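Worksheet: the structure to be examined is printed underneath.
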Amino acid sequence: MIDPIRVGVLTVSDRCARGEAKDLSGPALAQLCRERLGAAIVVTACVPDDPATLEAKFREWSRADQRIDLVLSTGGTGLAPRDHTPEAAMRVIERPAAGLMELARARCAAKTVRTYLSRGVAGVAGGTLIVTLPGSVRGATENLEALLDVLPHAVETLRGEVQDDGRPDASPTSGRVIVHHD
Amino acid sequence: MIDPIRVGVLTVSDRCARGEAKDLSGPALAQLCRERLGAAIVVTACVPDDPATLEAKFREWSRADQRIDLVLSTGGTGLAPRDHTPEAAMRVIERPAAGLMELARARCAAKTVRTYLSRGVAGVAGGTLIVTLPGSVRGATENLEALLDVLPHAVETLRGEVQDDGRPDASPTSGRVIVHHD
Amino acid sequence: MIDPIRVGVLTVSDRCARGEAKDLSGPALAQLCRERLGAAIVVTACVPDDPATLEAKFREWSRADQRIDLVLSTGGTGLAPRDHTPEAAMRVIERPAAGLMELARARCAAKTVRTYLSRGVAGVAGGTLIVTLPGSVRGATENLEALLDVLPHAVETLRGEVQDDGRPDASPTSGRVIVHHD
């Protein structure tokens with residue numbers, strides 16, 4: 001990885017947005033990203049479970065001029081009446097990556113089968129990978145931990161630095177060639 | 001769980017709807033729900049594999065005045081030319097829950113890998129969780145059994161009785177607080 | 001299986017389409033289909049990663065008059081900027097079969113967890129099953145191998161030769177009854 005992964009962390013919580021609860025999940029995700037991915041947290045926000053607000057935030061953070069590689073949201077992925085983070089994300093995502101959440105759920109199932117009730121989705125909008133994680137500190141961090149080993153390669157591929165199959169991209173249109181070691 | 005889960009069982013079968021075959025899968029699902037979930041079967045129906053009929057039935061049963069927590073359909077989830085239950089369900093589902101069928105398929109695969117040919121989907125419409133199960137008695141019951149341990153929590157969450165992460169909901173907007181024990 | 005599975009193999013690669021690289025993945029898939037499924041490769045093509053071209057090709061090959069049971073594409077399923085094979089396929093697919101790629105990813109994960117970065121999809125358009133495989137020879141062949149044991153039954157079901165649950169279809173509307181042995 002040449003440049004640190006640029007991450008935005010979005011906390012989705014009515015109570016945190018109203019100031020009735022302290023946001024613990026967002027900071028926990030940010031810390032994991034810094035310590036385990038060497039990532040730069042370039043923006044954070046806390047918004048209520050409002051579909052239009054959520055969609056606008058996902059759209060803003062995936063704009064090219066923001067240069068955010070990875071948007072991690074926490075909250076609103078469950079079955080509760082006001083959980084609609086995945087739907088807001090899917091209105092912005094252009095290229096779904098279903099496998100990422102399959103992996104997160106399969107790995108987290110060893111701790112609790114309830115992970116399969118998370119409706120979290122992942123996918124690409126512009127040059128940004130969006131991943132919607134559960135709202136609890138434990139759910140958010142366990143799901144992110146389940147993805148840590150594939151996220152650097154995902155971001156490199158998304159940036160056009162390597163190809164699908166892990167070989168550096170030698171295409172004349174790619175502009176730069178970066179050797180990748182596991 | 002305070003109130004019993006209110007279940008609707010929808011059998012999707014051209015032959016059963018024409019009276020040429022006896023519906024065994026619907027009653028088998030109803031029995032499992034009563035015995036293993038303590039559920040109340042509030043409605044059952046048998047319809048042909050007609051997309052418009054299916055969509056109308058899913059829509060009717062997820063209306064708020066029906067107060068159905070869980071709609072289980074059986075049939076029409078495969079690859080046969082007249083199988084389109086998942087498509088009909090997805091036109092009604094507002095919030096997909098992909099993880100539920102991932103769980104069902106992963107657990108049922110121990111018995112037969114063909115479970116991965118089921119195109120079954122799950123998700124929420126209004127206050128109702130819709131799950132589309134295979135048509136054979138064995139396929140339907142094995143898939144439902146694979147979900148039995150998570151369905152009560154799913155329904156509680158959907159009703160707003162608990163939050164995503166299993167804690168009782170203490171939000172001032174929720175109106176009631178119910179303590180939940182596993 | 002009465003008649004051999006009729007397969008179309010579509011290589012999706014800018015460099016192969018420009019003649020800058022030799023297509024190895026397409027021929028590798030064709031060979032696997034012949035040797036392991038006894039399939040007939042009825043058409044092959046190599047196209048660039050252009051969404052409109054891809055969509056047109058999937059649409060053409062799933063037309064009833066082509067009588068293609070199975071379209072296998074290789075390439076364009078990753079996260080790279082020009083990877084959009086799954087989106088092109090999904091615009092043609094009428095009945096998604098999410099379980100097939102769940103199975104492929106779960107089985108391939110034993111070799112590399114990066115298989116979960118493949119955004120490959122599967123589903124039915126008309127009478128044709130479309131499966132989008134990764135672009136590397138290894139990724140394409142490993143994913144196809146992961147599906148070999150379920151593909152014959154999938155095609156038989158799609159043709160209307162057997163039902164969802166593996167019993168021969170005795171419906172008076174099906175026209176023919178074929179006994180199926182595993």
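By convention in this document, the chains of the structure tokens carry letters A, B, ... by their order, each chain's residues are numbered from 1, and ligands are numbered from 1 in the order they are shown.
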Open item on the list: Please identify all residues of chain A having at least one atom at most 8 Å from any atom of chain C, considering only C-alpha atoms, and return them as an MDAnalysis selection string.
Closed with: chainID A and resid 95:100 102:103 124 127 150 154 157:160 162:165 171
Task: Near-Cys108 in chain C list (7 Å; only C-alpha atoms; drop same-chain fewer than 3 positions) as a PyMOL selection string - done: chain C and resi 104-105+111-112+115+142-143+146
Output for the residues just chosen: C-alpha atoms as a compact mmCIF listing (two decimals), in the first residue's frame:
```
# COMPACT_ATOMS: atom_id res chain seq x y z
CA ALA C 104 -18.54 -20.49 -4.98
CA ARG C 105 -17.10 -17.95 -2.55
CA LYS C 111 -7.68 -21.31 -0.90
CA THR C 112 -7.81 -17.53 -0.62
CA THR C 115 -12.41 -14.66 -3.25
CA GLU C 142 -11.62 -22.45 -9.08
CA ASN C 143 -14.99 -20.73 -8.96
CA ALA C 146 -16.86 -24.99 -6.92
```
Task: alpha helix (DSSP H) per DSSP on the backbone: members of range 33-157 of chain B, as a count of residues only - done: 51
- [ ] Tell me, as a PyMOL selection string, which residues lie within 12 Å of Arg59 in chain A, counting only C-alpha atoms; anything in the same chain fewer than 3 positions away does not count.
- [x] chain A and resi 52-56+62-66+68+71+88-94+124-130
Would you mind exporting the chosen residues as a compact mmCIF listing (two decimals), in the first residue's frame, restricted to N, CA, C and O atoms?
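Result file follows (again03.txt):
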```txt
# COMPACT_ATOMS: atom_id res chain seq x y z
N ALA A 52 -33.04 10.22 4.21
CA ALA A 52 -32.55 11.26 3.29
C ALA A 52 -31.20 11.81 3.75
O ALA A 52 -30.29 12.05 2.95
N THR A 53 -31.06 12.01 5.07
CA THR A 53 -29.79 12.50 5.62
C THR A 53 -28.68 11.50 5.36
O THR A 53 -27.57 11.87 4.97
N LEU A 54 -29.00 10.24 5.58
CA LEU A 54 -28.02 9.18 5.37
C LEU A 54 -27.57 9.12 3.91
O LEU A 54 -26.38 9.07 3.61
N GLU A 55 -28.54 9.12 3.03
CA GLU A 55 -28.21 9.05 1.60
C GLU A 55 -27.33 10.23 1.19
O GLU A 55 -26.32 10.06 0.48
N ALA A 56 -27.68 11.43 1.67
CA ALA A 56 -26.89 12.63 1.31
C ALA A 56 -25.46 12.51 1.82
O ALA A 56 -24.51 12.89 1.14
N SER A 62 -18.65 10.07 -1.03
CA SER A 62 -18.13 9.28 -2.16
C SER A 62 -17.86 10.18 -3.38
O SER A 62 -17.54 9.67 -4.45
N ARG A 63 -17.99 11.48 -3.22
CA ARG A 63 -17.63 12.39 -4.31
C ARG A 63 -16.12 12.35 -4.52
O ARG A 63 -15.35 12.26 -3.57
N ALA A 64 -15.72 12.45 -5.81
CA ALA A 64 -14.29 12.32 -6.15
C ALA A 64 -13.43 13.32 -5.39
O ALA A 64 -12.32 13.00 -4.96
N ASP A 65 -13.93 14.55 -5.20
CA ASP A 65 -13.09 15.58 -4.58
C ASP A 65 -12.83 15.31 -3.09
O ASP A 65 -11.96 15.93 -2.49
N GLN A 66 -13.59 14.40 -2.49
CA GLN A 66 -13.36 14.05 -1.08
C GLN A 66 -12.20 13.07 -0.94
O GLN A 66 -11.63 12.94 0.13
N ILE A 68 -12.03 9.92 -0.47
CA ILE A 68 -12.18 8.96 0.63
C ILE A 68 -12.18 7.55 0.03
O ILE A 68 -12.97 7.26 -0.86
N VAL A 71 -15.65 4.31 3.35
CA VAL A 71 -16.63 4.87 4.29
C VAL A 71 -17.16 3.72 5.13
O VAL A 71 -17.70 2.74 4.60
N ALA A 88 -30.27 3.29 2.36
CA ALA A 88 -29.67 4.57 1.99
C ALA A 88 -28.36 4.35 1.25
O ALA A 88 -28.08 4.98 0.22
N ALA A 89 -27.56 3.42 1.74
CA ALA A 89 -26.27 3.13 1.09
C ALA A 89 -26.48 2.58 -0.31
O ALA A 89 -25.79 2.96 -1.26
N MET A 90 -27.47 1.69 -0.46
CA MET A 90 -27.68 1.06 -1.77
C MET A 90 -28.18 2.06 -2.82
O MET A 90 -28.02 1.83 -4.01
N ARG A 91 -28.78 3.14 -2.39
CA ARG A 91 -29.18 4.17 -3.37
C ARG A 91 -27.96 4.92 -3.91
O ARG A 91 -28.03 5.54 -4.96
N VAL A 92 -26.85 4.84 -3.18
CA VAL A 92 -25.63 5.54 -3.61
C VAL A 92 -24.64 4.57 -4.28
O VAL A 92 -23.94 4.93 -5.22
N ILE A 93 -24.64 3.33 -3.80
CA ILE A 93 -23.70 2.32 -4.32
C ILE A 93 -24.02 2.00 -5.78
O ILE A 93 -25.17 1.74 -6.13
N GLU A 94 -22.99 2.05 -6.61
CA GLU A 94 -23.18 1.74 -8.04
C GLU A 94 -22.79 0.28 -8.34
O GLU A 94 -23.31 -0.33 -9.26
N VAL A 124 -19.34 -0.18 -4.04
CA VAL A 124 -18.53 0.94 -4.51
C VAL A 124 -19.40 2.05 -5.10
O VAL A 124 -20.32 1.77 -5.86
N ALA A 125 -19.09 3.28 -4.72
CA ALA A 125 -19.69 4.46 -5.35
C ALA A 125 -18.52 5.33 -5.78
O ALA A 125 -17.74 5.77 -4.93
N GLY A 126 -18.39 5.58 -7.07
CA GLY A 126 -17.22 6.31 -7.57
C GLY A 126 -15.96 5.55 -7.20
O GLY A 126 -15.83 4.37 -7.52
N GLY A 127 -15.05 6.21 -6.50
CA GLY A 127 -13.82 5.56 -6.09
C GLY A 127 -13.82 5.18 -4.62
O GLY A 127 -12.75 4.96 -4.02
N THR A 128 -15.00 5.09 -4.03
CA THR A 128 -15.13 4.88 -2.58
C THR A 128 -15.83 3.58 -2.27
O THR A 128 -16.89 3.30 -2.83
N LEU A 129 -15.25 2.80 -1.37
CA LEU A 129 -15.90 1.58 -0.90
C LEU A 129 -16.71 1.91 0.35
O LEU A 129 -16.17 2.46 1.32
N ILE A 130 -18.00 1.61 0.32
CA ILE A 130 -18.89 1.85 1.45
C ILE A 130 -19.19 0.52 2.12
O ILE A 130 -19.56 -0.45 1.45
```
Determine which residues of range 112-157 of chain C receive a DSSP assignment of strand (DSSP E or B), computed from the backbone, and state them as a PDB file with N, CA and C atoms, in the first residue's frame.
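What landed in out-v4.pdb:
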```
ATOM      1  N   ALA C 122     -25.043 -14.411 -10.177  1.00  0.00           N
ATOM      2  CA  ALA C 122     -25.601 -15.468 -11.005  1.00  0.00           C
ATOM      3  C   ALA C 122     -27.111 -15.296 -11.051  1.00  0.00           C
ATOM      4  N   GLY C 123     -27.703 -15.799 -12.118  1.00  0.00           N
ATOM      5  CA  GLY C 123     -29.150 -15.718 -12.200  1.00  0.00           C
ATOM      6  C   GLY C 123     -29.638 -16.122 -13.571  1.00  0.00           C
ATOM      7  N   VAL C 124     -30.950 -16.123 -13.710  1.00  0.00           N
ATOM      8  CA  VAL C 124     -31.591 -16.648 -14.901  1.00  0.00           C
ATOM      9  C   VAL C 124     -32.164 -15.514 -15.749  1.00  0.00           C
ATOM     10  N   ALA C 125     -31.912 -15.592 -17.053  1.00  0.00           N
ATOM     11  CA  ALA C 125     -32.568 -14.713 -18.023  1.00  0.00           C
ATOM     12  C   ALA C 125     -33.191 -15.629 -19.069  1.00  0.00           C
ATOM     13  N   THR C 128     -31.811 -19.261 -19.707  1.00  0.00           N
ATOM     14  CA  THR C 128     -30.355 -19.310 -19.625  1.00  0.00           C
ATOM     15  C   THR C 128     -29.863 -18.920 -18.243  1.00  0.00           C
ATOM     16  N   LEU C 129     -28.967 -19.729 -17.690  1.00  0.00           N
ATOM     17  CA  LEU C 129     -28.327 -19.389 -16.422  1.00  0.00           C
ATOM     18  C   LEU C 129     -27.034 -18.642 -16.716  1.00  0.00           C
ATOM     19  N   ILE C 130     -26.902 -17.450 -16.162  1.00  0.00           N
ATOM     20  CA  ILE C 130     -25.703 -16.622 -16.336  1.00  0.00           C
ATOM     21  C   ILE C 130     -24.894 -16.662 -15.043  1.00  0.00           C
ATOM     22  N   VAL C 131     -23.596 -16.934 -15.175  1.00  0.00           N
ATOM     23  CA  VAL C 131     -22.712 -16.935 -14.009  1.00  0.00           C
ATOM     24  C   VAL C 131     -21.484 -16.096 -14.365  1.00  0.00           C
ATOM     25  N   THR C 132     -21.179 -15.099 -13.543  1.00  0.00           N
ATOM     26  CA  THR C 132     -20.037 -14.218 -13.831  1.00  0.00           C
ATOM     27  C   THR C 132     -18.867 -14.597 -12.926  1.00  0.00           C
ATOM     28  N   LEU C 133     -17.791 -15.069 -13.565  1.00  0.00           N
ATOM     29  CA  LEU C 133     -16.622 -15.573 -12.843  1.00  0.00           C
ATOM     30  C   LEU C 133     -15.481 -14.554 -12.910  1.00  0.00           C
TER      31      LEU C 133
END
```
Task: Point-to-point distance from CA of Arg34 in chain B to CA of Asp49 in chain B, Å rounded to tenths - done: 26.3 Å
Open item on the list: Excluding Ala39 in chain A and its own-chain neighbours fewer than 2 positions away, which residues fall within 7 Å of it when counting only C-alpha atoms? Please give them as a list in words.
Closed with: Pro4, Ile5, Arg6, Val7, Cys33, Arg34, Leu37 and Ile41 of chain A
- [ ] Could you tell me how far CA of Ser25 in chain A lies from CA of Ala140 in chain A, in Å and to one decimal?
- [x] 6.6 Å
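Distances here use only C-alpha atoms; by that measure, the residue among C:Pro51, C:Leu10, C:Asp149, C:Glu156 closest to Pro27 in chain C is C:Leu10.
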TODO: To one decimal in Å, tell me the separation between CA of Thr74 in chain A and CA of Cys16 in chain A.
DONE: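 Interatomic distance, CA of Thr74 in chain A to CA of Cys16 in chain A: 11.7 Å.
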